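For reference, the structure discussed in these notes is given below.
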Amino acid sequence: MNVIAEDEEPCSKNFSSTRNACKLCTPLGACLVFRGVEGCIPFLHGSQGCSTYIRRYLISHFREPMDIASSNFHEESAIFGGSSNFQQGALNVMRQYQPQLIGAATTCLAETIGEDMPRLLHDLREKHGPRVTAPIVTVSTASYRGTHIDGFHAAVKALVDQLAQPGETTGAVNLFPGMVSAADLRLLKEIITDFGLNYTLLPDYSETMDGETWLHYEKLQSGGTPLKAIAATGSAKASVEFGRTLATGETAGACLLKKFSVPRHLLGLPIGIRESDAFFQLLSELSGHPTPVKYQRERGRLVDSLIDGHKYVFEKRAIVYGEEDLVIGLASFLCEIGVTPVLCATGGHSKQFEKALREAAPLLPADSLVKERFDFAEIAETAPALEPDFFIGSSKGYRAARDLKVPLVRVGFPIHDRIGGQRVLHLGYRGAQELYDRVVNALLDAKQETSTVGYAYL
Ligand code: SF4
């Protein structure tokens, strides 16, 4: 008899591999990271369809062109290995794009047949040394072992692991923000600069994936973290990493601590007041400066607005879903504003989710459902009995929210059915303000829409 461990799939009798997962493909996260490095082109070792799918997802969220190279497996490579495809593909990319770096991630197929990326790299250099004009960073990203967020963190770690150098300690701070929006990245840069700190933000796709119009076609959009800055992460005075579920993970911050003794500070995603306070407090300690008045005022305005809007959100019920650390940050924020997250769901499976969530949101009621490895079919099945007032998460929750005739507040990734997903601000007091206004207005909008009277003054 086959015995299935509790934490292994299939996790329910009705399990089907074709259900609508509340997570995305692992190399997708890695590709986004690589596009946040200056002059870097993502390169998928595996089947061509994977790069098409990932490009389609990223483009329809960011509304920017996105080239992803592929070693383009065919039947033979799937059986005998894709070494020659990898070599040919890498050389083609170097010739056509002249990148500063190639970020090579594996797809499910390459992982399934056990492709050994360090060996492929070694063979490439052995055979074509003089034609290898750019460094190549490799990362293993089997989708059946993780989510887009795992691929994201793995790629950031691979970059510092393979490129960071030791050196005399500088006053700079490394910031590993996780998979946040382009607007969030711009805000983080503004905040750290206002504290007077030098920093390396990795990755930084705030320009490459949300840039200006071009006068001339750019094969690889300008912007991104410079390679020199990544090399210097080994001599920073500290690393700040967002993600409560990463406490035990092998992350970029953990890698730099181990290899170069760079102190690591792990914080939750700074969503809402408490988590943002912790971030500003840490920056204050690292810089030796108090929080600039500009941000104290933002916090003050936010608190004032919570009082103004309290009567509209108090005791409302929300379904929150998405990647683990985003859900944790959102749940913490919702509890602060008087909303009860009745279901916190993720497709991730860090096994840290519920513990980290309850630590970040101590006001979360004990009977709120917290579900790892949940999919959208399960969310839709569970939702009616919970009587939510709204959903908050990516656009993939639209159908479940629509079935219940409740609003969906679109945050995170992907947002495919609206414009501006890359400009949604989540972080800091400014992000909390934007989220709060959107939540309140979504509820007011729903109230007006369903009112038989049609109040104009709420
Ligand atoms: S096969 Fe794997 S790597 Fe390719 S698109 Fe599907 S989940 Fe992603």
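By convention in this document, the chains of the structure tokens carry letters A, B, ... by their order, each chain's residues are numbered from 1, and ligands are numbered from 1 in the order they are shown.
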
Item to check | Near-ligand residues for ligand 1, threshold 6 Å, only C-alpha atoms and all ligand atoms, as a count of residues only | outcome: 7

Quick one: DSSP alpha helix (DSSP H) residues in range 281-430 of chain A, as an mmCIF file with C-alpha atoms, in the first residue's frame?
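Okay, part27.cif is ready:
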data_model
loop_
_atom_site.group_PDB
_atom_site.id
_atom_site.type_symbol
_atom_site.label_atom_id
_atom_site.label_comp_id
_atom_site.auth_asym_id
_atom_site.auth_seq_id
_atom_site.Cartn_x
_atom_site.Cartn_y
_atom_site.Cartn_z
ATOM 1 C CA GLN A 281 13.360 51.716 13.401
ATOM 2 C CA LEU A 282 16.018 49.459 11.871
ATOM 3 C CA LEU A 283 17.046 52.102 9.328
ATOM 4 C CA SER A 284 17.291 54.577 12.161
ATOM 5 C CA GLU A 285 19.663 52.253 14.033
ATOM 6 C CA LEU A 286 21.751 51.491 10.944
ATOM 7 C CA SER A 287 22.053 55.136 9.908
ATOM 8 C CA VAL A 293 10.023 64.280 9.380
ATOM 9 C CA LYS A 294 8.539 63.520 5.958
ATOM 10 C CA TYR A 295 7.850 59.911 7.009
ATOM 11 C CA GLN A 296 6.708 60.866 10.501
ATOM 12 C CA ARG A 297 4.095 63.043 8.798
ATOM 13 C CA GLU A 298 3.101 60.220 6.440
ATOM 14 C CA ARG A 299 2.572 58.007 9.485
ATOM 15 C CA GLY A 300 0.564 60.718 11.219
ATOM 16 C CA ARG A 301 -1.708 61.231 8.200
ATOM 17 C CA LEU A 302 -2.202 57.481 7.950
ATOM 18 C CA VAL A 303 -3.278 57.199 11.602
ATOM 19 C CA ASP A 304 -5.645 60.142 11.114
ATOM 20 C CA SER A 305 -7.219 58.508 8.066
ATOM 21 C CA LEU A 306 -7.725 55.243 9.967
ATOM 22 C CA ILE A 307 -9.859 57.187 12.422
ATOM 23 C CA ASP A 308 -11.785 58.859 9.567
ATOM 24 C CA GLY A 309 -12.564 55.590 7.807
ATOM 25 C CA HIS A 310 -12.944 53.281 10.792
ATOM 26 C CA LYS A 311 -16.755 53.161 10.615
ATOM 27 C CA TYR A 312 -16.594 51.796 7.060
ATOM 28 C CA VAL A 313 -14.170 48.931 7.677
ATOM 29 C CA GLU A 324 3.113 33.762 1.923
ATOM 30 C CA ASP A 325 4.917 36.898 3.039
ATOM 31 C CA LEU A 326 2.531 39.172 1.164
ATOM 32 C CA VAL A 327 -0.431 37.482 2.880
ATOM 33 C CA ILE A 328 1.300 37.848 6.246
ATOM 34 C CA GLY A 329 1.877 41.576 5.662
ATOM 35 C CA LEU A 330 -1.666 42.136 4.409
ATOM 36 C CA ALA A 331 -3.227 40.203 7.291
ATOM 37 C CA SER A 332 -1.208 42.244 9.769
ATOM 38 C CA PHE A 333 -2.374 45.448 8.079
ATOM 39 C CA LEU A 334 -6.033 44.329 7.927
ATOM 40 C CA CYS A 335 -6.064 43.476 11.630
ATOM 41 C CA GLU A 336 -4.672 46.959 12.360
ATOM 42 C CA PHE A 353 3.321 30.319 7.239
ATOM 43 C CA GLU A 354 0.854 30.037 10.117
ATOM 44 C CA LYS A 355 3.439 30.601 12.836
ATOM 45 C CA ALA A 356 4.889 33.654 11.083
ATOM 46 C CA LEU A 357 1.402 34.969 10.299
ATOM 47 C CA ARG A 358 0.169 34.765 13.864
ATOM 48 C CA GLU A 359 3.353 36.418 15.136
ATOM 49 C CA ALA A 360 2.922 39.305 12.694
ATOM 50 C CA PHE A 376 -8.213 28.823 -6.105
ATOM 51 C CA ALA A 377 -10.671 25.947 -6.376
ATOM 52 C CA GLU A 378 -10.371 25.430 -2.615
ATOM 53 C CA ILE A 379 -10.674 29.156 -1.974
ATOM 54 C CA ALA A 380 -13.863 29.237 -4.046
ATOM 55 C CA GLU A 381 -15.249 26.182 -2.206
ATOM 56 C CA THR A 382 -14.443 27.604 1.229
ATOM 57 C CA ALA A 383 -15.411 31.228 0.648
ATOM 58 C CA PRO A 384 -19.264 31.174 0.686
ATOM 59 C CA ALA A 385 -19.521 29.858 4.259
ATOM 60 C CA LEU A 386 -17.104 32.549 5.457
ATOM 61 C CA TYR A 398 -11.519 37.620 -9.582
ATOM 62 C CA ARG A 399 -13.801 34.720 -10.434
ATOM 63 C CA ALA A 400 -14.277 33.619 -6.816
ATOM 64 C CA ALA A 401 -14.991 37.211 -5.734
ATOM 65 C CA ARG A 402 -17.383 37.722 -8.636
ATOM 66 C CA ASP A 403 -19.305 34.531 -7.772
ATOM 67 C CA GLY A 428 5.767 51.785 4.139
ATOM 68 C CA TYR A 429 3.287 54.291 5.525
ATOM 69 C CA ARG A 430 2.658 55.580 2.024
#

Next on the checklist: Excluding range 29-43 of chain A and its own-chain neighbours fewer than 2 positions away, which residues fall within 7 Å of it when counting only C-alpha atoms? Please give them as a count of residues only.
Outcome noted: 30

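Residues lying within 10 Å of range 124-127 of chain A, counting only C-alpha atoms and ignoring same-chain neighbours fewer than 5 positions away, are A:Ser83, A:Ser84, A:Phe86, A:Gln87, A:Gln88, A:Ala90, A:Leu91, A:Pro118, A:Arg119, A:Val132.
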
Go ahead and save the residues from that selection, with C-alpha atoms, as an mmCIF file, in the first residue's frame.
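Output file again00.cif is given in full below:
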data_model
loop_
_atom_site.group_PDB
_atom_site.id
_atom_site.type_symbol
_atom_site.label_atom_id
_atom_site.label_comp_id
_atom_site.auth_asym_id
_atom_site.auth_seq_id
_atom_site.Cartn_x
_atom_site.Cartn_y
_atom_site.Cartn_z
ATOM 1 C CA SER A 83 24.381 20.341 -23.002
ATOM 2 C CA SER A 84 24.769 21.278 -26.666
ATOM 3 C CA PHE A 86 22.836 25.192 -23.552
ATOM 4 C CA GLN A 87 26.159 25.936 -25.193
ATOM 5 C CA GLN A 88 24.641 27.040 -28.467
ATOM 6 C CA ALA A 90 24.420 30.866 -24.430
ATOM 7 C CA LEU A 91 26.732 31.743 -27.333
ATOM 8 C CA PRO A 118 27.752 23.856 -12.954
ATOM 9 C CA ARG A 119 28.964 21.044 -15.223
ATOM 10 C CA VAL A 132 32.260 33.299 -23.530
#

Checklist entry - What lies within 12 Å of Glu323 in chain A using only C-alpha atoms, ignoring chain neighbours under 3 positions off, as number ranges by chain? => result A: 21-24, 29, 146-150, 152, 178-180, 243-245, 269, 320, 326-330, 344-350, 353, 371-375, 393-394, 411-414

Checklist entry - Taking only C-alpha atoms into account, which of A:Ile59, A:Ala238, A:Leu44, A:Leu197 comes nearest Phe73 in chain A? => result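 Comparing A:Ile59, A:Ala238, A:Leu44, A:Leu197 against Phe73 in chain A, the winner is A:Leu44.
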
Item to check | Shell around range 419-425 of chain A at 6 Å using only C-alpha atoms, local window under 6 positions removed, as JSON, numbers by chain | outcome: {"A": [61, 62, 181, 182, 183, 184, 431]}

The selected residues should be written to file as a PDB file, in the first residue's frame (atoms: all heavy atoms).
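Listed below is the output, part-v4.pdb:
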ATOM      1  N   HIS A  61       1.430  41.873 -16.746  1.00  0.00           N
ATOM      2  CA  HIS A  61       1.399  42.601 -15.466  1.00  0.00           C
ATOM      3  C   HIS A  61       2.156  43.924 -15.588  1.00  0.00           C
ATOM      4  O   HIS A  61       1.638  44.976 -15.242  1.00  0.00           O
ATOM      5  CB  HIS A  61       2.031  41.742 -14.367  1.00  0.00           C
ATOM      6  CG  HIS A  61       2.135  42.423 -13.033  1.00  0.00           C
ATOM      7  ND1 HIS A  61       1.120  42.420 -12.101  1.00  0.00           N
ATOM      8  CD2 HIS A  61       3.124  43.156 -12.469  1.00  0.00           C
ATOM      9  CE1 HIS A  61       1.482  43.103 -11.030  1.00  0.00           C
ATOM     10  NE2 HIS A  61       2.701  43.556 -11.230  1.00  0.00           N
ATOM     11  N   PHE A  62       3.375  43.852 -16.116  1.00  0.00           N
ATOM     12  CA  PHE A  62       4.242  45.047 -16.139  1.00  0.00           C
ATOM     13  C   PHE A  62       4.010  45.923 -17.367  1.00  0.00           C
ATOM     14  O   PHE A  62       4.431  47.060 -17.401  1.00  0.00           O
ATOM     15  CB  PHE A  62       5.717  44.630 -16.079  1.00  0.00           C
ATOM     16  CG  PHE A  62       6.147  44.142 -14.725  1.00  0.00           C
ATOM     17  CD1 PHE A  62       6.197  42.794 -14.427  1.00  0.00           C
ATOM     18  CD2 PHE A  62       6.503  45.044 -13.731  1.00  0.00           C
ATOM     19  CE1 PHE A  62       6.596  42.340 -13.172  1.00  0.00           C
ATOM     20  CE2 PHE A  62       6.900  44.606 -12.472  1.00  0.00           C
ATOM     21  CZ  PHE A  62       6.945  43.250 -12.198  1.00  0.00           C
ATOM     22  N   SER A 181       6.380  45.416  -5.853  1.00  0.00           N
ATOM     23  CA  SER A 181       6.088  46.114  -7.112  1.00  0.00           C
ATOM     24  C   SER A 181       7.214  47.083  -7.481  1.00  0.00           C
ATOM     25  O   SER A 181       8.056  47.434  -6.634  1.00  0.00           O
ATOM     26  CB  SER A 181       4.779  46.878  -6.991  1.00  0.00           C
ATOM     27  OG  SER A 181       4.952  48.023  -6.200  1.00  0.00           O
ATOM     28  N   ALA A 182       7.184  47.554  -8.721  1.00  0.00           N
ATOM     29  CA  ALA A 182       8.180  48.539  -9.150  1.00  0.00           C
ATOM     30  C   ALA A 182       8.032  49.822  -8.329  1.00  0.00           C
ATOM     31  O   ALA A 182       9.023  50.464  -7.967  1.00  0.00           O
ATOM     32  CB  ALA A 182       8.001  48.832 -10.642  1.00  0.00           C
ATOM     33  N   ALA A 183       6.788  50.183  -8.001  1.00  0.00           N
ATOM     34  CA  ALA A 183       6.569  51.383  -7.178  1.00  0.00           C
ATOM     35  C   ALA A 183       7.153  51.178  -5.780  1.00  0.00           C
ATOM     36  O   ALA A 183       7.727  52.107  -5.194  1.00  0.00           O
ATOM     37  CB  ALA A 183       5.077  51.688  -7.085  1.00  0.00           C
ATOM     38  N   ASP A 184       7.012  49.972  -5.229  1.00  0.00           N
ATOM     39  CA  ASP A 184       7.598  49.682  -3.913  1.00  0.00           C
ATOM     40  C   ASP A 184       9.119  49.849  -3.955  1.00  0.00           C
ATOM     41  O   ASP A 184       9.720  50.390  -3.022  1.00  0.00           O
ATOM     42  CB  ASP A 184       7.268  48.248  -3.485  1.00  0.00           C
ATOM     43  CG  ASP A 184       5.810  48.072  -3.110  1.00  0.00           C
ATOM     44  OD1 ASP A 184       5.212  49.003  -2.551  1.00  0.00           O
ATOM     45  OD2 ASP A 184       5.262  46.977  -3.378  1.00  0.00           O
ATOM     46  N   GLY A 431       2.478  53.254   1.372  1.00  0.00           N
ATOM     47  CA  GLY A 431       1.793  52.095   0.788  1.00  0.00           C
ATOM     48  C   GLY A 431       0.559  51.722   1.599  1.00  0.00           C
ATOM     49  O   GLY A 431      -0.485  51.368   1.041  1.00  0.00           O
TER      50      GLY A 431
END

Checklist entry - Excluding same-chain residues fewer than 2 positions from Thr251 in chain A, what lies within 10 Å of it counting only C-alpha atoms, as a ChimeraX atom specification? => result /A:150,153-158,160-161,176,241,246-249,253-257

Checklist outcome for this item: Using only C-alpha atoms, the shortest atom-to-atom distance to Gln96 in chain A among A:Gln162, A:Arg56, A:Thr340, A:Lys219 belongs to A:Lys219

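Pairwise distance (CA of Leu369 in chain A, CA of Leu444 in chain A) equals 25.8 Å.
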
Checklist entry - To one decimal place, how far is CA of Pro166 in chain A from CA of Ile230 in chain A in Å? => result 11.3 Å

Next on the checklist: Taking the DSSP secondary structure from the backbone, can you list the residues of range 26-82 of chain A that are strand (DSSP E), as a list in words?
Outcome noted: Cys40, Ile41, Pro42, Phe43, Leu44, His45, Ala69 and Ser70 of chain A
